[in-house]
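So this one's structure_21.cif, mmCIF, C-alpha atoms:
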data_start
loop_
_atom_site.group_PDB
_atom_site.id
_atom_site.type_symbol
_atom_site.label_atom_id
_atom_site.label_comp_id
_atom_site.auth_asym_id
_atom_site.auth_seq_id
_atom_site.Cartn_x
_atom_site.Cartn_y
_atom_site.Cartn_z
ATOM 1 C CA TYR N 271 -21.732 -5.119 -16.357
ATOM 2 C CA LYS N 272 -19.043 -7.490 -17.540
ATOM 3 C CA GLY N 273 -20.467 -7.972 -21.026
ATOM 4 C CA GLU N 274 -20.518 -4.260 -21.676
ATOM 5 C CA VAL N 275 -16.742 -4.036 -21.146
ATOM 6 C CA ASP N 276 -15.776 -7.251 -22.912
ATOM 7 C CA ALA N 277 -17.270 -5.981 -26.149
ATOM 8 C CA PHE N 278 -14.552 -3.336 -26.310
ATOM 9 C CA MET N 279 -11.600 -5.597 -25.503
ATOM 10 C CA PRO N 280 -9.098 -6.297 -28.314
ATOM 11 C CA ALA N 281 -9.098 -9.566 -30.219
ATOM 12 C CA ILE N 282 -6.315 -12.017 -29.426
ATOM 13 C CA PRO N 283 -4.724 -13.539 -32.543
ATOM 14 C CA ARG N 284 -4.740 -17.320 -32.791
ATOM 15 C CA GLU N 285 -1.310 -17.338 -34.369
ATOM 16 C CA LYS N 286 1.454 -16.177 -32.063
ATOM 17 C CA ASN N 287 4.531 -14.272 -33.181
ATOM 18 C CA GLY N 288 6.868 -16.740 -31.482
ATOM 19 C CA LYS N 289 8.063 -14.351 -28.771
ATOM 20 C CA ARG N 290 7.757 -15.378 -25.096
ATOM 21 C CA ILE N 291 7.687 -12.772 -22.334
ATOM 22 C CA ALA N 292 8.050 -13.416 -18.589
ATOM 23 C CA LEU N 293 6.283 -10.936 -16.335
ATOM 24 C CA LEU N 294 7.540 -10.963 -12.761
ATOM 25 C CA GLY N 295 4.811 -9.875 -10.381
ATOM 26 C CA ALA N 296 1.106 -9.835 -11.237
ATOM 27 C CA GLY N 297 0.365 -6.279 -10.187
ATOM 28 C CA PRO N 298 -0.826 -3.274 -12.227
ATOM 29 C CA ALA N 299 2.431 -2.925 -14.184
ATOM 30 C CA SER N 300 2.709 -6.533 -15.370
ATOM 31 C CA LEU N 301 -1.028 -6.770 -16.037
ATOM 32 C CA THR N 302 -0.762 -3.667 -18.232
ATOM 33 C CA VAL N 303 2.136 -5.180 -20.177
ATOM 34 C CA ALA N 304 0.160 -8.388 -20.713
ATOM 35 C CA ARG N 305 -2.870 -6.367 -21.779
ATOM 36 C CA ASP N 306 -0.783 -4.542 -24.409
ATOM 37 C CA LEU N 307 1.319 -7.461 -25.697
ATOM 38 C CA MET N 308 -1.191 -10.298 -25.936
ATOM 39 C CA PRO N 309 -3.181 -8.621 -28.750
ATOM 40 C CA LEU N 310 0.099 -8.285 -30.669
ATOM 41 C CA GLY N 311 0.694 -12.030 -30.658
ATOM 42 C CA TYR N 312 3.164 -12.351 -27.805
ATOM 43 C CA SER N 313 2.977 -15.234 -25.321
ATOM 44 C CA CYS N 314 3.069 -13.904 -21.756
ATOM 45 C CA THR N 315 3.678 -15.711 -18.479
ATOM 46 C CA LEU N 316 2.639 -14.047 -15.209
ATOM 47 C CA ILE N 317 4.758 -15.165 -12.269
ATOM 48 C CA GLU N 318 3.445 -14.109 -8.846
ATOM 49 C CA LYS N 319 4.326 -15.198 -5.305
ATOM 50 C CA ASP N 320 0.785 -14.625 -4.009
ATOM 51 C CA PRO N 321 -2.062 -17.030 -4.810
ATOM 52 C CA LYS N 322 -3.954 -14.369 -6.763
ATOM 53 C CA GLY N 323 -3.008 -11.565 -9.136
ATOM 54 C CA GLY N 324 -3.513 -7.891 -8.507
ATOM 55 C CA GLY N 325 -0.377 -6.950 -6.601
ATOM 56 C CA LEU N 326 -0.719 -3.862 -4.433
ATOM 57 C CA MET N 327 -4.306 -3.449 -5.600
ATOM 58 C CA ARG N 328 -5.105 -6.600 -3.636
ATOM 59 C CA THR N 329 -2.612 -6.401 -0.794
ATOM 60 C CA ASN N 330 -2.528 -2.693 0.016
ATOM 61 C CA ILE N 331 -5.840 -1.196 -1.062
ATOM 62 C CA PRO N 332 -8.548 -2.142 1.470
ATOM 63 C CA SER N 333 -11.499 -4.094 0.119
ATOM 64 C CA PHE N 334 -13.908 -1.370 1.261
ATOM 65 C CA ARG N 335 -12.275 0.861 -1.355
ATOM 66 C CA LEU N 336 -11.637 -1.761 -4.026
ATOM 67 C CA PRO N 337 -14.008 -4.735 -3.643
ATOM 68 C CA GLU N 338 -12.362 -8.107 -4.228
ATOM 69 C CA GLN N 339 -15.066 -9.096 -6.701
ATOM 70 C CA VAL N 340 -14.254 -6.089 -8.897
ATOM 71 C CA LEU N 341 -10.521 -6.772 -8.716
ATOM 72 C CA ASP N 342 -10.972 -10.454 -9.558
ATOM 73 C CA GLU N 343 -13.044 -9.510 -12.596
ATOM 74 C CA GLU N 344 -10.413 -7.080 -13.889
ATOM 75 C CA VAL N 345 -7.511 -9.494 -13.351
ATOM 76 C CA ASP N 346 -9.400 -12.431 -14.864
ATOM 77 C CA ARG N 347 -10.298 -10.363 -17.927
ATOM 78 C CA ILE N 348 -6.602 -9.895 -18.769
ATOM 79 C CA VAL N 349 -5.580 -13.424 -17.794
ATOM 80 C CA GLY N 350 -8.450 -14.603 -19.978
ATOM 81 C CA PHE N 351 -6.528 -13.369 -23.013
ATOM 82 C CA GLY N 352 -4.585 -16.614 -22.725
ATOM 83 C CA VAL N 353 -1.870 -15.505 -20.311
ATOM 84 C CA GLU N 354 -0.043 -18.385 -18.635
ATOM 85 C CA ARG N 355 -0.395 -18.111 -14.856
ATOM 86 C CA ARG N 356 2.178 -19.119 -12.272
ATOM 87 C CA PHE N 357 0.514 -17.826 -9.140
ATOM 88 C CA GLY N 358 1.889 -18.920 -5.783
ATOM 89 C CA HIS N 359 5.365 -19.107 -7.297
ATOM 90 C CA GLU N 360 8.080 -16.922 -5.782
ATOM 91 C CA VAL N 361 11.028 -16.079 -7.996
ATOM 92 C CA LYS N 362 14.238 -16.511 -6.015
ATOM 93 C CA SER N 363 16.628 -16.601 -8.953
ATOM 94 C CA LEU N 364 16.481 -14.326 -11.976
ATOM 95 C CA LYS N 365 18.978 -16.621 -13.661
ATOM 96 C CA ALA N 366 16.508 -19.495 -13.397
ATOM 97 C CA VAL N 367 13.921 -17.383 -15.219
ATOM 98 C CA LEU N 368 16.395 -16.373 -17.920
ATOM 99 C CA ASP N 369 17.424 -20.007 -18.365
ATOM 100 C CA GLU N 370 13.876 -20.796 -19.506
ATOM 101 C CA GLY N 371 14.648 -19.020 -22.747
ATOM 102 C CA TYR N 372 12.288 -16.081 -22.644
ATOM 103 C CA ASP N 373 12.831 -13.404 -25.258
ATOM 104 C CA ALA N 374 12.302 -10.694 -22.641
ATOM 105 C CA VAL N 375 11.665 -10.385 -18.916
ATOM 106 C CA PHE N 376 9.620 -7.573 -17.405
ATOM 107 C CA VAL N 377 10.252 -6.959 -13.701
ATOM 108 C CA GLY N 378 7.070 -5.551 -12.212
ATOM 109 C CA THR N 379 7.668 -6.373 -8.573
ATOM 110 C CA GLY N 380 7.131 -2.829 -7.318
ATOM 111 C CA ALA N 381 8.725 -1.438 -4.172
ATOM 112 C CA PRO N 382 6.853 -3.162 -1.331
ATOM 113 C CA LYS N 383 9.114 -1.991 1.484
ATOM 114 C CA GLY N 384 7.627 0.420 3.990
ATOM 115 C CA LYS N 385 9.473 3.018 6.029
ATOM 116 C CA ASP N 386 10.453 2.352 9.612
ATOM 117 C CA LEU N 387 10.847 4.952 12.336
ATOM 118 C CA ASN N 388 14.055 4.507 14.291
ATOM 119 C CA ILE N 389 13.473 6.656 17.374
ATOM 120 C CA PRO N 390 13.932 5.820 21.086
ATOM 121 C CA GLY N 391 11.635 3.050 22.266
ATOM 122 C CA ARG N 392 11.308 1.394 18.851
ATOM 123 C CA LYS N 393 12.894 -1.880 19.928
ATOM 124 C CA GLU N 394 11.065 -2.089 23.236
ATOM 125 C CA ALA N 395 7.672 -1.439 21.615
ATOM 126 C CA ALA N 396 8.253 -3.608 18.547
ATOM 127 C CA ALA N 397 5.270 -5.858 19.246
ATOM 128 C CA ASN N 398 2.856 -2.952 18.849
ATOM 129 C CA ILE N 399 4.531 -0.992 16.052
ATOM 130 C CA HIS N 400 3.553 -2.043 12.549
ATOM 131 C CA ILE N 401 4.893 -0.986 9.142
ATOM 132 C CA GLY N 402 1.818 0.309 7.314
ATOM 133 C CA ILE N 403 2.270 -1.430 3.970
ATOM 134 C CA ASP N 404 3.056 -4.774 5.632
ATOM 135 C CA TRP N 405 0.150 -4.420 8.036
ATOM 136 C CA LEU N 406 -2.318 -3.768 5.214
ATOM 137 C CA THR N 407 -1.047 -6.885 3.448
ATOM 138 C CA SER N 408 -1.585 -8.935 6.620
ATOM 139 C CA VAL N 409 -5.126 -7.601 6.870
ATOM 140 C CA ALA N 410 -5.807 -8.382 3.203
ATOM 141 C CA PHE N 411 -4.773 -12.016 3.672
ATOM 142 C CA ALA N 412 -6.641 -12.302 6.998
ATOM 143 C CA HIS N 413 -3.485 -12.790 9.056
ATOM 144 C CA VAL N 414 -4.546 -9.792 11.159
ATOM 145 C CA ASP N 415 -8.142 -9.181 12.204
ATOM 146 C CA LYS N 416 -7.868 -6.854 15.197
ATOM 147 C CA ILE N 417 -6.004 -3.830 16.506
ATOM 148 C CA GLY N 418 -5.706 -1.949 19.781
ATOM 149 C CA LYS N 419 -8.392 0.442 21.000
ATOM 150 C CA ARG N 420 -6.152 3.512 20.623
ATOM 151 C CA VAL N 421 -4.163 3.753 17.398
ATOM 152 C CA ILE N 422 -1.751 6.366 16.092
ATOM 153 C CA VAL N 423 -0.962 6.456 12.373
ATOM 154 C CA ILE N 424 2.269 8.297 11.593
ATOM 155 C CA GLY N 425 2.460 9.670 8.060
ATOM 156 C CA GLY N 426 0.397 11.612 5.574
ATOM 157 C CA GLY N 427 0.338 9.514 2.413
ATOM 158 C CA ASN N 428 -2.368 7.340 0.900
ATOM 159 C CA THR N 429 -1.064 4.316 2.801
ATOM 160 C CA ALA N 430 -1.581 6.199 6.059
ATOM 161 C CA MET N 431 -5.147 7.050 5.055
ATOM 162 C CA ASP N 432 -5.842 3.397 4.261
ATOM 163 C CA CYS N 433 -4.297 2.351 7.575
ATOM 164 C CA CYS N 434 -6.341 4.718 9.710
ATOM 165 C CA ARG N 435 -9.636 3.791 8.062
ATOM 166 C CA THR N 436 -8.809 0.080 8.222
ATOM 167 C CA ALA N 437 -7.950 0.382 11.922
ATOM 168 C CA LEU N 438 -11.453 1.707 12.584
ATOM 169 C CA ARG N 439 -12.934 -1.296 10.837
ATOM 170 C CA LEU N 440 -10.818 -3.664 12.912
ATOM 171 C CA GLY N 441 -12.205 -2.325 16.171
ATOM 172 C CA ALA N 442 -10.109 0.694 17.089
ATOM 173 C CA GLU N 443 -12.115 3.202 19.120
ATOM 174 C CA LYS N 444 -9.796 6.177 18.670
ATOM 175 C CA VAL N 445 -7.532 6.625 15.670
ATOM 176 C CA THR N 446 -5.294 9.657 15.269
ATOM 177 C CA VAL N 447 -3.195 10.534 12.231
ATOM 178 C CA THR N 448 -0.061 12.588 12.808
ATOM 179 C CA VAL N 449 1.958 14.337 10.126
ATOM 180 C CA ARG N 450 5.262 16.148 10.487
ATOM 181 C CA SER N 451 4.420 18.549 7.663
ATOM 182 C CA PRO N 452 1.574 21.064 7.366
ATOM 183 C CA ARG N 453 -1.765 19.688 6.171
ATOM 184 C CA LYS N 454 -1.500 21.638 2.896
ATOM 185 C CA VAL N 455 1.485 19.596 1.702
ATOM 186 C CA MET N 456 0.309 16.154 2.751
ATOM 187 C CA LYS N 457 1.029 13.530 0.093
ATOM 188 C CA ALA N 458 -2.341 11.809 0.350
ATOM 189 C CA SER N 459 -4.953 12.529 -2.289
ATOM 190 C CA ASP N 460 -7.529 15.146 -1.306
ATOM 191 C CA TRP N 461 -10.404 12.664 -1.430
ATOM 192 C CA GLU N 462 -8.495 10.234 0.795
ATOM 193 C CA ILE N 463 -8.052 12.932 3.409
ATOM 194 C CA LYS N 464 -11.701 13.944 3.180
ATOM 195 C CA ASP N 465 -12.852 10.341 3.615
ATOM 196 C CA ALA N 466 -10.712 9.932 6.744
ATOM 197 C CA LEU N 467 -11.980 13.190 8.231
ATOM 198 C CA HIS N 468 -15.547 12.205 7.359
ATOM 199 C CA GLU N 469 -15.091 9.063 9.455
ATOM 200 C CA GLY N 470 -14.077 11.181 12.433
ATOM 201 C CA ILE N 471 -10.323 10.623 12.278
ATOM 202 C CA PRO N 472 -8.384 13.726 13.379
ATOM 203 C CA ILE N 473 -5.244 14.685 11.462
ATOM 204 C CA LEU N 474 -2.645 16.495 13.548
ATOM 205 C CA ASP N 475 -0.137 18.242 11.333
ATOM 206 C CA ASN N 476 3.218 19.745 12.313
ATOM 207 C CA HIS N 477 3.806 16.906 14.796
ATOM 208 C CA ALA N 478 7.277 15.323 14.636
ATOM 209 C CA PRO N 479 7.616 11.968 16.458
ATOM 210 C CA LYS N 480 10.448 11.991 18.997
ATOM 211 C CA ALA N 481 10.080 8.761 20.978
ATOM 212 C CA PHE N 482 7.832 5.832 21.737
ATOM 213 C CA VAL N 483 6.723 5.963 25.346
ATOM 214 C CA ILE N 484 7.198 2.700 27.212
ATOM 215 C CA GLU N 485 5.444 1.829 30.467
ATOM 216 C CA LYS N 486 5.918 -1.519 32.211
ATOM 217 C CA GLY N 487 7.752 -2.804 29.172
ATOM 218 C CA LYS N 488 4.924 -2.041 26.760
ATOM 219 C CA LEU N 489 4.008 0.726 24.336
ATOM 220 C CA ALA N 490 1.914 3.381 26.065
ATOM 221 C CA GLY N 491 2.099 6.328 23.692
ATOM 222 C CA VAL N 492 4.186 8.471 21.370
ATOM 223 C CA ARG N 493 5.920 11.719 22.273
ATOM 224 C CA PHE N 494 5.772 14.391 19.605
ATOM 225 C CA GLU N 495 7.381 17.783 19.229
ATOM 226 C CA LYS N 496 5.234 20.425 17.598
ATOM 227 C CA MET N 497 6.812 22.145 14.628
ATOM 228 C CA VAL N 498 6.322 25.715 13.423
ATOM 229 C CA GLU N 499 6.562 27.099 9.901
ATOM 230 C CA LYS N 500 9.407 29.525 9.235
ATOM 231 C CA GLY N 501 8.999 30.582 5.624
ATOM 232 C CA VAL N 502 9.678 28.339 2.617
ATOM 233 C CA ASP N 503 12.723 26.624 1.176
ATOM 234 C CA ALA N 504 14.199 26.949 -2.340
ATOM 235 C CA LYS N 505 11.543 24.569 -3.719
ATOM 236 C CA GLY N 506 8.697 26.502 -2.163
ATOM 237 C CA ARG N 507 8.044 23.951 0.559
ATOM 238 C CA PRO N 508 7.344 25.048 4.136
ATOM 239 C CA LYS N 509 10.433 25.234 6.323
ATOM 240 C CA LEU N 510 9.771 23.714 9.736
ATOM 241 C CA GLU N 511 11.547 24.325 13.013
ATOM 242 C CA PRO N 512 11.012 22.740 16.436
ATOM 243 C CA SER N 513 8.780 24.835 18.673
ATOM 244 C CA GLY N 514 10.106 23.312 21.882
ATOM 245 C CA GLU N 515 6.602 22.213 22.837
ATOM 246 C CA GLU N 516 6.076 18.485 23.269
ATOM 247 C CA ILE N 517 2.957 16.380 23.610
ATOM 248 C CA VAL N 518 2.376 12.724 24.456
ATOM 249 C CA ILE N 519 -0.499 10.920 22.750
ATOM 250 C CA PRO N 520 -1.506 7.661 24.481
ATOM 251 C CA CYS N 521 -1.929 4.601 22.255
ATOM 252 C CA ASP N 522 -1.953 0.822 22.140
ATOM 253 C CA ASP N 523 -0.639 0.414 18.596
ATOM 254 C CA VAL N 524 1.223 2.522 16.045
ATOM 255 C CA LEU N 525 1.021 2.187 12.275
#
If you took the structure in this file and wrote it as structure tokens, what would it be?
Amino acid sequence: YKGEVDAFMPAIPREKNGKRIALLGAGPASLTVARDLMPLGYSCTLIEKDPKGGGLMRTNIPSFRLPEQVLDEEVDRIVGFGVERRFGHEVKSLKAVLDEGYDAVFVGTGAPKGKDLNIPGRKEAAANIHIGIDWLTSVAFAHVDKIGKRVIVIGGGNTAMDCCRTALRLGAEKVTVTVRSPRKVMKASDWEIKDALHEGIPILDNHAPKAFVIEKGKLAGVRFEKMVEKGVDAKGRPKLEPSGEEIVIPCDDVL
């Protein structure tokens, strides 16, 4: 309960120390800085392009994993320290921020740029190929509320796990995760993988994407080449080589 946590929060001094800090981005990093500096007497200003704080916790972690009510409570608790909010304000000039006379500026904008996959067919199938991190943001802000019946998620990180589980909730009937590496070295957390498998989502490892298959001018599937392990490299990671065997997985959308 909220009251149980608030009792352990630090007191905020009435008298400030005269130092003003600008925090660019209202995600976990900037919120942590505000949480640490406000009790010391600093005046903090949170500047965020989105209408609410939370950063990637709001835009990239699905609400079924992190309920919006819980996130709002955590963000509001820190903002309630007396932090000045400038939500819905995009910083386009760092000079303009510096000209306001802040004593320090903390840049907590993260790295919100997903990876693209430049293989044959990418341009032709652009309408049905979505960058995972951007797609999750669109879902979070209700710009996207549906997906094709057959979905392929390429990648083995936590973003991929969030994408595949979100796709199911948006109406996909068959979601398949493909990873170029062996399952044992996937970047996703163990519990994320288990949750995806528990929801019936297969994870095909050692599958390297080679091309997007186009039929009648539209995405119809992805062609993969199966990889085989050939020992380990100098860092102890599996060395993979093409097996020569290819497989086409039909799909309507790729994440």
Q. When distances are computed from only C-alpha atoms, which of N:Cys434, N:Met327, N:Gly352, N:Gly295 shows the smallest separation from Val377 of chain N?
A. N:Gly295
**Q.** Polymer residues at most 6 Å from (7.4, 3.9, 22.0) by only C-alpha atoms, as an NGL selection string
**A.** :N and (391-392 or 395 or 481-484 or 489 or 492)
Q: Using all atoms listed in the file, determine which residues lie at most 7 Å from segment 443-446 of chain N, disregarding the query and same-chain residues fewer than 4 positions distant; provide the list as a ChimeraX atom specification.
A: /N:419-423,434,438,471-473
Q | segment 338-349 of chain N surroundings by all atoms listed in the file, 8 Å radius, close-in-sequence under 3 positions cut, as a ChimeraX atom specification | A | /N:301,304-305,323-324,327-328,333,352-355
Q.
Evaluate the PyMOL selection byres ((chain N and resi 449-462) around 7) against this structure - the residues, as a PyMOL selection string, please.
A. chain N and resi 424-428+431+447-448+463-466+474-478
(Q) I'd like the residues picked by the PyMOL selection byres ((chain N and resi 494-499) around 6) written out as a VMD selection string, using the chain letters and numbers from the file. (A) chain N and resid 476 to 480 493 500 509 to 513 515 to 517
Q | Two-atom distance - atom CA of Asp523 of chain N, atom CA of Asp320 of chain N (Å) | A |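 Between atom CA of Asp523 of chain N and atom CA of Asp320 of chain N the gap works out to 27.2 Å.
From atom CA of Leu406 of chain N back to atom CA of Ala381 of chain N, the distance works out to 14.7 Å.
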Q: Using all atoms listed in the file, find the one residue out of N:Trp405, N:Phe411, N:Phe334, N:Phe376 that sits nearest to Arg439 of chain N.
A: N:Phe334
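Among the candidates N:Glu360, N:Glu394, N:Asp373, N:Asp404, the one nearest to Asn330 of chain N when counting only C-alpha atoms is N:Asp404.
Counting all atoms listed in the file, the residue from N:Ile417, N:Leu326, N:Leu336, N:Leu387 that sits nearest to Thr429 of chain N is N:Leu326.
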Q. By how many Å are atom CA of Pro298 of chain N and atom CA of Arg335 of chain N apart?
A.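 Result for atom CA of Pro298 of chain N versus atom CA of Arg335 of chain N: 16.3 Å, one decimal.
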